[in-house]
Amino acid sequence: MQVSTIILAAGHGTRMNSDLPKVLHHVAAAPLLHHALATAHSLEPSRIVVVTGHGGEAVAASAIAFDEAVETVVQDPQSGAAHAVAQAARLLADLPGEAIVLYADTPLIREDTLRKMLAARQHHAVVVLGFQARDPGRYGRLLMQDSNLLAIREYDAASEDERAVALCNSGVICAEAATLFSLVAEVKNNNPKQEYYLTDIVEIARQRGLSAGVVLCDEAETLGVNTRAQLAEAEAAFQARARAAALDNGVTLTAPETVFFALDTWIGRDAIIGPNVLFGPGVTVESGSEIKGFCHLDGCHISRGATVGPFARLRPGAELAEDVHVGNFVEIKNATLGEGVKVGHLTYLGDADVGDFTNIGAGTVTCNYDGVMKHRTVIGKRAFIGSDTMLVAPVTVGDGALTASGSVITEDVPAEAVAIGRARQVTKPGLATRMFDKLKAIKAAKAKGQS
């Protein structure tokens with residue numbers, strides 16, 4: 001089945017009280033818009049069109065950053081959802097197959113729900129996504145007769161009897177693309193707001209003798225974000241869903257409520273995630289790995305059998321091979337660690353390549369930045385980097401080489417060599433006692449003078 005998706009992302013979002021367009025505010029470390037795009041992608045659509053308006057250039061850039069194939073059109077002025085959908089007509093109206101209208105500020109719609117809507121198209125020309133609301137408030141009401149949708153009534157235009165209906169409109173609509181744009185073209189703006197309501201297409205369809213139906217979903221799935229409070233609510237709902245999915249997929253979460261996932265986090269079965277772990281964008285954790293408590297991971301890949309943490313930070317470009325151990329208070333950035341590498345604690349590895357089975361001592365730093373440019377450190381296989389080694393890049397340490405503790409390494413170290421880069425120790429017997437006696441006398445004299 002060929003499917004196109006239209007994502008409406010033109011709104012001002014004035015209740016967010018923000019200079020940032022509403023759809024660019026983040027849930028799960030990704031813009032709201034990206035959640036809608038990810039849902040659209042799950043259908044493997046032939047085309048995705050994002051309709052922009054307020055902050056249009058930034059919204060379009062964000063959409064294209066997610067997927068270069070996304071097309072964008074501008075709605076100017078913003079005159080209602082039907083008017084927004086109409087802007088996509090020149091791109092999609094002549095395409096065969098289905099069209100689904102989604103909203104960039106509604107991040108929790110599930111793929112399964114949309115597939116149910118596509119299946120329901122076998123019975124109805126127009127399919128609307130509805131939900132039973134605990135508190136219907138000002139939602140549009142779905143007016144039914146048996147399994148047929150008669151109309152969608154906006155709250156302001158609804159009678160008291162219609163307002164008593166608890167079946168509400170999510171705004172998501174599915175129809176054949178040509179039919180959708182034909183119906184939208186007939187929508188009028190003869191209402192108090194002088195806007196073109198997408199909801200009017202149901203009655204227009206029925207006037208043509210076309211049927212309309214409803215697919216139901218849980219109310220939580222339809223949460224729209226219009227305020228900071230709703231943004232927080234969407235974050236909580238996403239995290240609850242992501243934690244449940246991880247547990248169902250065979251991941252151990254020792255304290256699920258303290259783990260926070262990003263939109264694209266991927267974790268393999270039999271991985272163990274400790275408490276207070278934060279996943280940023282672009283993290284993959286392979287099966288059988290363990291992330292201990294209080295770690296922050298962002299843009300990294302962790303292979304099977306690796307252990308990370310506690311209190312470790314992996315930044316973008318960190319690549320850990322199988323059975324790597326990264327311990328507490330270690331930071332890895334844009335660095336590749338080979339199989340079996342051990343980085344126990346208190347270390348920074350940035351812009352580095354570390355060979356298999358190398359040991360990195362505590363306090364090691366790759367000094368990768370000269371104030372203008374970044375430089376790379378290369379450490380071979382089975383090397384031993386002594387504690388408190390400063391590796392001043394660009395520098396290479398060969399296979400099987402050793403650096404002495406406390407060394408500053410500024411030159412390449414050949415394979416199997418020992419590099420010592422520290423000042424010679426000078427020992428003066430008895431000087432410590434004489435110094436302490438002198439300092440104590442000075443302290444006592446000061447105390448006597450103050451009394």
# chains A, B, ... in the order shown; residues from 1 in each chain; ligands from 1
$ select_by_dssp --residues "stretch 248-448 of chain A" --states "strand (DSSP E or B)" --output "PyMOL selection string"
chain A and resi 252-253+260+266-267+272-273+278-279+284-285+290-291+296-297+301-302+307-308+313-314+319-320+325-337+342-354+359-360+365-367+369+374+377-379+384-385+390-392+395-397+402-403+408-409+413+418-419
$ select_by_dssp --residues "stretch 22-95 of chain A" --states "helix (DSSP H, G or I)" --output "PyMOL selection string"
chain A and resi 22-24+32-41+56-66+81-86+89-92
$ residues_around --residues "stretch 332-341 of chain A" --least-positions-apart "3" --cutoff "6 Å" --atoms "only C-alpha atoms" --output "number ranges by chain"
A: 314-324, 349-359
$ residues_around --residues "stretch 225-242 of chain A" --least-positions-apart "2" --cutoff "8 Å" --atoms "only C-alpha atoms" --output "list in words"
Gly13, Arg15, Met16, Lys22, Val27, Ala28, Asp105, Thr106, Pro107, Leu108, Ala220, Leu223, Ala244, Ala245, Ala246, Glu257, Phe260 and Phe261 of chain A
$ residues_around --residues "stretch 292-298 of chain A" --least-positions-apart "3" --cutoff "12 Å" --atoms "only C-alpha atoms" --output "PDB file with N, CA, C and O atoms, in the first residue's frame"
ATOM      1  N   ALA A  29      14.960  14.058  24.275  1.00  0.00           N
ATOM      2  CA  ALA A  29      16.173  14.556  23.607  1.00  0.00           C
ATOM      3  C   ALA A  29      15.990  14.753  22.105  1.00  0.00           C
ATOM      4  O   ALA A  29      16.962  14.738  21.348  1.00  0.00           O
ATOM      5  N   THR A 252      17.317  -5.429  31.469  1.00  0.00           N
ATOM      6  CA  THR A 252      17.156  -5.260  32.908  1.00  0.00           C
ATOM      7  C   THR A 252      17.339  -3.795  33.276  1.00  0.00           C
ATOM      8  O   THR A 252      18.367  -3.195  32.952  1.00  0.00           O
ATOM      9  N   LEU A 253      16.334  -3.214  33.919  1.00  0.00           N
ATOM     10  CA  LEU A 253      16.421  -1.866  34.468  1.00  0.00           C
ATOM     11  C   LEU A 253      16.294  -2.001  35.982  1.00  0.00           C
ATOM     12  O   LEU A 253      15.225  -2.337  36.487  1.00  0.00           O
ATOM     13  N   THR A 254      17.380  -1.758  36.706  1.00  0.00           N
ATOM     14  CA  THR A 254      17.331  -1.995  38.149  1.00  0.00           C
ATOM     15  C   THR A 254      16.488  -0.964  38.885  1.00  0.00           C
ATOM     16  O   THR A 254      15.962  -1.247  39.958  1.00  0.00           O
ATOM     17  N   ALA A 255      16.360   0.228  38.311  1.00  0.00           N
ATOM     18  CA  ALA A 255      15.487   1.268  38.881  1.00  0.00           C
ATOM     19  C   ALA A 255      14.843   1.990  37.709  1.00  0.00           C
ATOM     20  O   ALA A 255      15.268   3.091  37.332  1.00  0.00           O
ATOM     21  N   PRO A 256      13.826   1.395  37.094  1.00  0.00           N
ATOM     22  CA  PRO A 256      13.289   1.917  35.829  1.00  0.00           C
ATOM     23  C   PRO A 256      12.912   3.385  35.868  1.00  0.00           C
ATOM     24  O   PRO A 256      13.154   4.122  34.898  1.00  0.00           O
ATOM     25  N   THR A 258      14.193   5.822  37.150  1.00  0.00           N
ATOM     26  CA  THR A 258      15.322   6.765  37.154  1.00  0.00           C
ATOM     27  C   THR A 258      16.092   6.775  35.842  1.00  0.00           C
ATOM     28  O   THR A 258      17.051   7.529  35.702  1.00  0.00           O
ATOM     29  N   VAL A 259      15.712   5.935  34.895  1.00  0.00           N
ATOM     30  CA  VAL A 259      16.403   5.839  33.610  1.00  0.00           C
ATOM     31  C   VAL A 259      15.643   6.665  32.582  1.00  0.00           C
ATOM     32  O   VAL A 259      14.421   6.574  32.471  1.00  0.00           O
ATOM     33  N   PHE A 260      16.377   7.478  31.804  1.00  0.00           N
ATOM     34  CA  PHE A 260      15.755   8.344  30.809  1.00  0.00           C
ATOM     35  C   PHE A 260      16.328   8.028  29.432  1.00  0.00           C
ATOM     36  O   PHE A 260      17.543   8.063  29.225  1.00  0.00           O
ATOM     37  N   PHE A 261      15.409   7.737  28.499  1.00  0.00           N
ATOM     38  CA  PHE A 261      15.781   7.345  27.148  1.00  0.00           C
ATOM     39  C   PHE A 261      15.610   8.513  26.174  1.00  0.00           C
ATOM     40  O   PHE A 261      14.819   9.422  26.410  1.00  0.00           O
ATOM     41  N   ALA A 262      16.342   8.451  25.070  1.00  0.00           N
ATOM     42  CA  ALA A 262      16.122   9.362  23.950  1.00  0.00           C
ATOM     43  C   ALA A 262      15.209   8.687  22.928  1.00  0.00           C
ATOM     44  O   ALA A 262      14.964   7.474  22.987  1.00  0.00           O
ATOM     45  N   ASP A 264      15.734   7.778  19.957  1.00  0.00           N
ATOM     46  CA  ASP A 264      16.362   6.752  19.123  1.00  0.00           C
ATOM     47  C   ASP A 264      17.245   5.779  19.901  1.00  0.00           C
ATOM     48  O   ASP A 264      18.052   5.063  19.307  1.00  0.00           O
ATOM     49  N   THR A 265      17.129   5.729  21.219  1.00  0.00           N
ATOM     50  CA  THR A 265      17.944   4.804  22.004  1.00  0.00           C
ATOM     51  C   THR A 265      17.650   3.360  21.594  1.00  0.00           C
ATOM     52  O   THR A 265      16.484   2.962  21.482  1.00  0.00           O
ATOM     53  N   TRP A 266      18.735   2.583  21.395  1.00  0.00           N
ATOM     54  CA  TRP A 266      18.569   1.162  21.072  1.00  0.00           C
ATOM     55  C   TRP A 266      19.392   0.345  22.053  1.00  0.00           C
ATOM     56  O   TRP A 266      20.601   0.565  22.195  1.00  0.00           O
ATOM     57  N   ALA A 271      21.012  -6.738  28.227  1.00  0.00           N
ATOM     58  CA  ALA A 271      21.788  -5.606  28.748  1.00  0.00           C
ATOM     59  C   ALA A 271      21.243  -5.260  30.131  1.00  0.00           C
ATOM     60  O   ALA A 271      20.070  -5.512  30.438  1.00  0.00           O
ATOM     61  N   ILE A 272      22.104  -4.691  30.955  1.00  0.00           N
ATOM     62  CA  ILE A 272      21.715  -4.282  32.304  1.00  0.00           C
ATOM     63  C   ILE A 272      21.960  -2.785  32.431  1.00  0.00           C
ATOM     64  O   ILE A 272      23.073  -2.308  32.167  1.00  0.00           O
ATOM     65  N   ILE A 273      20.930  -2.065  32.823  1.00  0.00           N
ATOM     66  CA  ILE A 273      21.023  -0.616  32.982  1.00  0.00           C
ATOM     67  C   ILE A 273      20.783  -0.288  34.451  1.00  0.00           C
ATOM     68  O   ILE A 273      19.724  -0.575  35.002  1.00  0.00           O
ATOM     69  N   GLY A 274      21.778   0.330  35.078  1.00  0.00           N
ATOM     70  CA  GLY A 274      21.673   0.675  36.490  1.00  0.00           C
ATOM     71  C   GLY A 274      20.831   1.919  36.714  1.00  0.00           C
ATOM     72  O   GLY A 274      20.253   2.484  35.773  1.00  0.00           O
ATOM     73  N   PRO A 275      20.775   2.401  37.938  1.00  0.00           N
ATOM     74  CA  PRO A 275      19.940   3.564  38.254  1.00  0.00           C
ATOM     75  C   PRO A 275      20.549   4.865  37.766  1.00  0.00           C
ATOM     76  O   PRO A 275      21.758   4.996  37.607  1.00  0.00           O
ATOM     77  N   ASN A 276      19.663   5.828  37.494  1.00  0.00           N
ATOM     78  CA  ASN A 276      20.067   7.199  37.165  1.00  0.00           C
ATOM     79  C   ASN A 276      20.994   7.257  35.959  1.00  0.00           C
ATOM     80  O   ASN A 276      22.011   7.955  35.957  1.00  0.00           O
ATOM     81  N   VAL A 277      20.612   6.536  34.918  1.00  0.00           N
ATOM     82  CA  VAL A 277      21.339   6.573  33.649  1.00  0.00           C
ATOM     83  C   VAL A 277      20.552   7.434  32.673  1.00  0.00           C
ATOM     84  O   VAL A 277      19.346   7.279  32.527  1.00  0.00           O
ATOM     85  N   LEU A 278      21.248   8.347  31.982  1.00  0.00           N
ATOM     86  CA  LEU A 278      20.627   9.259  31.028  1.00  0.00           C
ATOM     87  C   LEU A 278      21.169   8.978  29.631  1.00  0.00           C
ATOM     88  O   LEU A 278      22.382   9.031  29.404  1.00  0.00           O
ATOM     89  N   PHE A 279      20.265   8.663  28.704  1.00  0.00           N
ATOM     90  CA  PHE A 279      20.626   8.423  27.313  1.00  0.00           C
ATOM     91  C   PHE A 279      20.316   9.675  26.487  1.00  0.00           C
ATOM     92  O   PHE A 279      19.170  10.118  26.424  1.00  0.00           O
ATOM     93  N   GLY A 280      21.343  10.226  25.837  1.00  0.00           N
ATOM     94  CA  GLY A 280      21.133  11.283  24.864  1.00  0.00           C
ATOM     95  C   GLY A 280      20.892  10.668  23.496  1.00  0.00           C
ATOM     96  O   GLY A 280      20.781   9.444  23.349  1.00  0.00           O
ATOM     97  N   PRO A 281      20.837  11.494  22.446  1.00  0.00           N
ATOM     98  CA  PRO A 281      20.577  10.971  21.108  1.00  0.00           C
ATOM     99  C   PRO A 281      21.703  10.053  20.626  1.00  0.00           C
ATOM    100  O   PRO A 281      22.866  10.209  21.003  1.00  0.00           O
ATOM    101  N   GLY A 282      21.326   9.101  19.763  1.00  0.00           N
ATOM    102  CA  GLY A 282      22.318   8.331  19.031  1.00  0.00           C
ATOM    103  C   GLY A 282      23.081   7.302  19.825  1.00  0.00           C
ATOM    104  O   GLY A 282      24.257   7.064  19.545  1.00  0.00           O
ATOM    105  N   VAL A 283      22.440   6.644  20.785  1.00  0.00           N
ATOM    106  CA  VAL A 283      23.138   5.654  21.615  1.00  0.00           C
ATOM    107  C   VAL A 283      22.660   4.248  21.253  1.00  0.00           C
ATOM    108  O   VAL A 283      21.460   3.982  21.197  1.00  0.00           O
ATOM    109  N   THR A 284      23.638   3.347  21.042  1.00  0.00           N
ATOM    110  CA  THR A 284      23.358   1.930  20.844  1.00  0.00           C
ATOM    111  C   THR A 284      24.115   1.133  21.889  1.00  0.00           C
ATOM    112  O   THR A 284      25.328   1.302  22.043  1.00  0.00           O
ATOM    113  N   VAL A 285      23.400   0.270  22.601  1.00  0.00           N
ATOM    114  CA  VAL A 285      24.000  -0.604  23.613  1.00  0.00           C
ATOM    115  C   VAL A 285      23.696  -2.039  23.185  1.00  0.00           C
ATOM    116  O   VAL A 285      22.538  -2.444  23.140  1.00  0.00           O
ATOM    117  N   SER A 289      25.712  -6.072  27.524  1.00  0.00           N
ATOM    118  CA  SER A 289      26.509  -4.996  28.107  1.00  0.00           C
ATOM    119  C   SER A 289      25.883  -4.537  29.415  1.00  0.00           C
ATOM    120  O   SER A 289      24.707  -4.797  29.681  1.00  0.00           O
ATOM    121  N   HIS A 301      28.466   4.123  20.833  1.00  0.00           N
ATOM    122  CA  HIS A 301      28.145   2.723  20.546  1.00  0.00           C
ATOM    123  C   HIS A 301      28.911   1.841  21.516  1.00  0.00           C
ATOM    124  O   HIS A 301      30.129   1.958  21.652  1.00  0.00           O
ATOM    125  N   ILE A 302      28.189   0.958  22.199  1.00  0.00           N
ATOM    126  CA  ILE A 302      28.762   0.088  23.224  1.00  0.00           C
ATOM    127  C   ILE A 302      28.526  -1.354  22.791  1.00  0.00           C
ATOM    128  O   ILE A 302      27.378  -1.788  22.656  1.00  0.00           O
ATOM    129  N   ALA A 306      30.571  -5.198  27.109  1.00  0.00           N
ATOM    130  CA  ALA A 306      31.263  -4.042  27.693  1.00  0.00           C
ATOM    131  C   ALA A 306      30.587  -3.632  28.994  1.00  0.00           C
ATOM    132  O   ALA A 306      29.392  -3.870  29.206  1.00  0.00           O
ATOM    133  N   THR A 307      31.365  -2.994  29.873  1.00  0.00           N
ATOM    134  CA  THR A 307      30.806  -2.416  31.096  1.00  0.00           C
ATOM    135  C   THR A 307      31.210  -0.952  31.168  1.00  0.00           C
ATOM    136  O   THR A 307      32.345  -0.587  30.838  1.00  0.00           O
ATOM    137  N   VAL A 308      30.261  -0.130  31.609  1.00  0.00           N
ATOM    138  CA  VAL A 308      30.486   1.323  31.670  1.00  0.00           C
ATOM    139  C   VAL A 308      30.004   1.817  33.024  1.00  0.00           C
ATOM    140  O   VAL A 308      28.883   1.520  33.442  1.00  0.00           O
ATOM    141  N   GLY A 309      30.878   2.592  33.692  1.00  0.00           N
ATOM    142  CA  GLY A 309      30.457   3.242  34.920  1.00  0.00           C
ATOM    143  C   GLY A 309      30.849   2.485  36.161  1.00  0.00           C
ATOM    144  O   GLY A 309      31.578   1.488  36.107  1.00  0.00           O
ATOM    145  N   PRO A 310      30.341   2.968  37.317  1.00  0.00           N
ATOM    146  CA  PRO A 310      29.388   4.080  37.464  1.00  0.00           C
ATOM    147  C   PRO A 310      30.041   5.439  37.226  1.00  0.00           C
ATOM    148  O   PRO A 310      31.258   5.548  37.144  1.00  0.00           O
ATOM    149  N   PHE A 311      29.208   6.460  37.100  1.00  0.00           N
ATOM    150  CA  PHE A 311      29.643   7.849  36.968  1.00  0.00           C
ATOM    151  C   PHE A 311      30.578   8.047  35.776  1.00  0.00           C
ATOM    152  O   PHE A 311      31.592   8.735  35.875  1.00  0.00           O
ATOM    153  N   ALA A 312      30.229   7.463  34.631  1.00  0.00           N
ATOM    154  CA  ALA A 312      31.015   7.664  33.414  1.00  0.00           C
ATOM    155  C   ALA A 312      30.226   8.514  32.434  1.00  0.00           C
ATOM    156  O   ALA A 312      28.991   8.550  32.466  1.00  0.00           O
ATOM    157  N   ARG A 313      30.951   9.183  31.545  1.00  0.00           N
ATOM    158  CA  ARG A 313      30.302   9.973  30.505  1.00  0.00           C
ATOM    159  C   ARG A 313      30.887   9.583  29.152  1.00  0.00           C
ATOM    160  O   ARG A 313      32.102   9.683  28.944  1.00  0.00           O
ATOM    161  N   LEU A 314      30.023   9.118  28.258  1.00  0.00           N
ATOM    162  CA  LEU A 314      30.418   8.817  26.891  1.00  0.00           C
ATOM    163  C   LEU A 314      29.786   9.849  25.972  1.00  0.00           C
ATOM    164  O   LEU A 314      28.560   9.990  25.928  1.00  0.00           O
ATOM    165  N   ARG A 315      30.630  10.556  25.229  1.00  0.00           N
ATOM    166  CA  ARG A 315      30.171  11.649  24.374  1.00  0.00           C
ATOM    167  C   ARG A 315      30.166  11.212  22.911  1.00  0.00           C
ATOM    168  O   ARG A 315      30.641  10.115  22.574  1.00  0.00           O
ATOM    169  N   PRO A 316      29.645  12.048  22.004  1.00  0.00           N
ATOM    170  CA  PRO A 316      29.534  11.631  20.601  1.00  0.00           C
ATOM    171  C   PRO A 316      30.856  11.135  20.015  1.00  0.00           C
ATOM    172  O   PRO A 316      31.914  11.734  20.214  1.00  0.00           O
ATOM    173  N   GLY A 317      30.749  10.041  19.289  1.00  0.00           N
ATOM    174  CA  GLY A 317      31.917   9.446  18.652  1.00  0.00           C
ATOM    175  C   GLY A 317      32.635   8.419  19.497  1.00  0.00           C
ATOM    176  O   GLY A 317      33.637   7.852  19.049  1.00  0.00           O
ATOM    177  N   ALA A 318      32.144   8.138  20.692  1.00  0.00           N
ATOM    178  CA  ALA A 318      32.744   7.099  21.524  1.00  0.00           C
ATOM    179  C   ALA A 318      32.318   5.734  20.993  1.00  0.00           C
ATOM    180  O   ALA A 318      31.125   5.444  20.893  1.00  0.00           O
ATOM    181  N   GLU A 319      33.302   4.898  20.663  1.00  0.00           N
ATOM    182  CA  GLU A 319      33.046   3.557  20.136  1.00  0.00           C
ATOM    183  C   GLU A 319      33.765   2.552  21.021  1.00  0.00           C
ATOM    184  O   GLU A 319      34.999   2.539  21.070  1.00  0.00           O
ATOM    185  N   HIS A 325      36.111  -2.197  29.348  1.00  0.00           N
ATOM    186  CA  HIS A 325      35.688  -1.739  30.672  1.00  0.00           C
ATOM    187  C   HIS A 325      36.026  -0.261  30.813  1.00  0.00           C
ATOM    188  O   HIS A 325      37.190   0.142  30.708  1.00  0.00           O
ATOM    189  N   VAL A 326      34.991   0.548  31.041  1.00  0.00           N
ATOM    190  CA  VAL A 326      35.146   1.976  31.335  1.00  0.00           C
ATOM    191  C   VAL A 326      34.613   2.190  32.744  1.00  0.00           C
ATOM    192  O   VAL A 326      33.445   1.914  33.014  1.00  0.00           O
ATOM    193  N   GLY A 327      35.459   2.678  33.632  1.00  0.00           N
ATOM    194  CA  GLY A 327      35.082   2.772  35.028  1.00  0.00           C
ATOM    195  C   GLY A 327      34.555   4.123  35.441  1.00  0.00           C
ATOM    196  O   GLY A 327      34.076   4.920  34.622  1.00  0.00           O
ATOM    197  N   ASN A 328      34.667   4.417  36.743  1.00  0.00           N
ATOM    198  CA  ASN A 328      34.061   5.621  37.299  1.00  0.00           C
ATOM    199  C   ASN A 328      34.867   6.876  36.960  1.00  0.00           C
ATOM    200  O   ASN A 328      36.088   6.872  36.913  1.00  0.00           O
ATOM    201  N   PHE A 329      34.131   7.933  36.727  1.00  0.00           N
ATOM    202  CA  PHE A 329      34.697   9.245  36.435  1.00  0.00           C
ATOM    203  C   PHE A 329      35.650   9.200  35.233  1.00  0.00           C
ATOM    204  O   PHE A 329      36.731   9.795  35.246  1.00  0.00           O
ATOM    205  N   VAL A 330      35.213   8.489  34.204  1.00  0.00           N
ATOM    206  CA  VAL A 330      35.920   8.429  32.924  1.00  0.00           C
ATOM    207  C   VAL A 330      35.060   9.118  31.880  1.00  0.00           C
ATOM    208  O   VAL A 330      33.847   8.914  31.830  1.00  0.00           O
ATOM    209  N   GLU A 331      35.685   9.928  31.034  1.00  0.00           N
ATOM    210  CA  GLU A 331      34.989  10.579  29.928  1.00  0.00           C
ATOM    211  C   GLU A 331      35.657  10.174  28.622  1.00  0.00           C
ATOM    212  O   GLU A 331      36.876  10.259  28.478  1.00  0.00           O
ATOM    213  N   ILE A 332      34.826   9.729  27.665  1.00  0.00           N
ATOM    214  CA  ILE A 332      35.305   9.301  26.352  1.00  0.00           C
ATOM    215  C   ILE A 332      34.598  10.143  25.304  1.00  0.00           C
ATOM    216  O   ILE A 332      33.374  10.262  25.315  1.00  0.00           O
ATOM    217  N   LYS A 333      35.365  10.723  24.385  1.00  0.00           N
ATOM    218  CA  LYS A 333      34.766  11.557  23.329  1.00  0.00           C
ATOM    219  C   LYS A 333      35.502  11.326  22.008  1.00  0.00           C
ATOM    220  O   LYS A 333      36.729  11.415  21.951  1.00  0.00           O
ATOM    221  N   ASN A 334      34.757  11.010  20.954  1.00  0.00           N
ATOM    222  CA  ASN A 334      35.330  10.840  19.620  1.00  0.00           C
ATOM    223  C   ASN A 334      36.549   9.923  19.673  1.00  0.00           C
ATOM    224  O   ASN A 334      37.610  10.220  19.113  1.00  0.00           O
TER     225      ASN A 334
END
$ atom_distance --atom1 "atom CA of A:Ile204" --atom2 "atom CA of A:Val85"
15.7 Å
$ atom_distance --atom1 "atom CA of A:Ala10" --atom2 "atom CA of A:Ala89"
16.0 Å
$ atom_distance --atom1 "atom CA of A:Arg269" --atom2 "atom CA of A:Glu111"
22.1 Å
$ residues_around --residues "A:Ser147" --least-positions-apart "5" --cutoff "9 Å" --atoms "only C-alpha atoms" --output "ChimeraX atom specification"
/A:212-214
$ closest_residue --among "A:Pro31, A:Ala119, A:Lys381, A:Arg110" --to "A:Ala61" --atoms "only C-alpha atoms"
A:Pro31
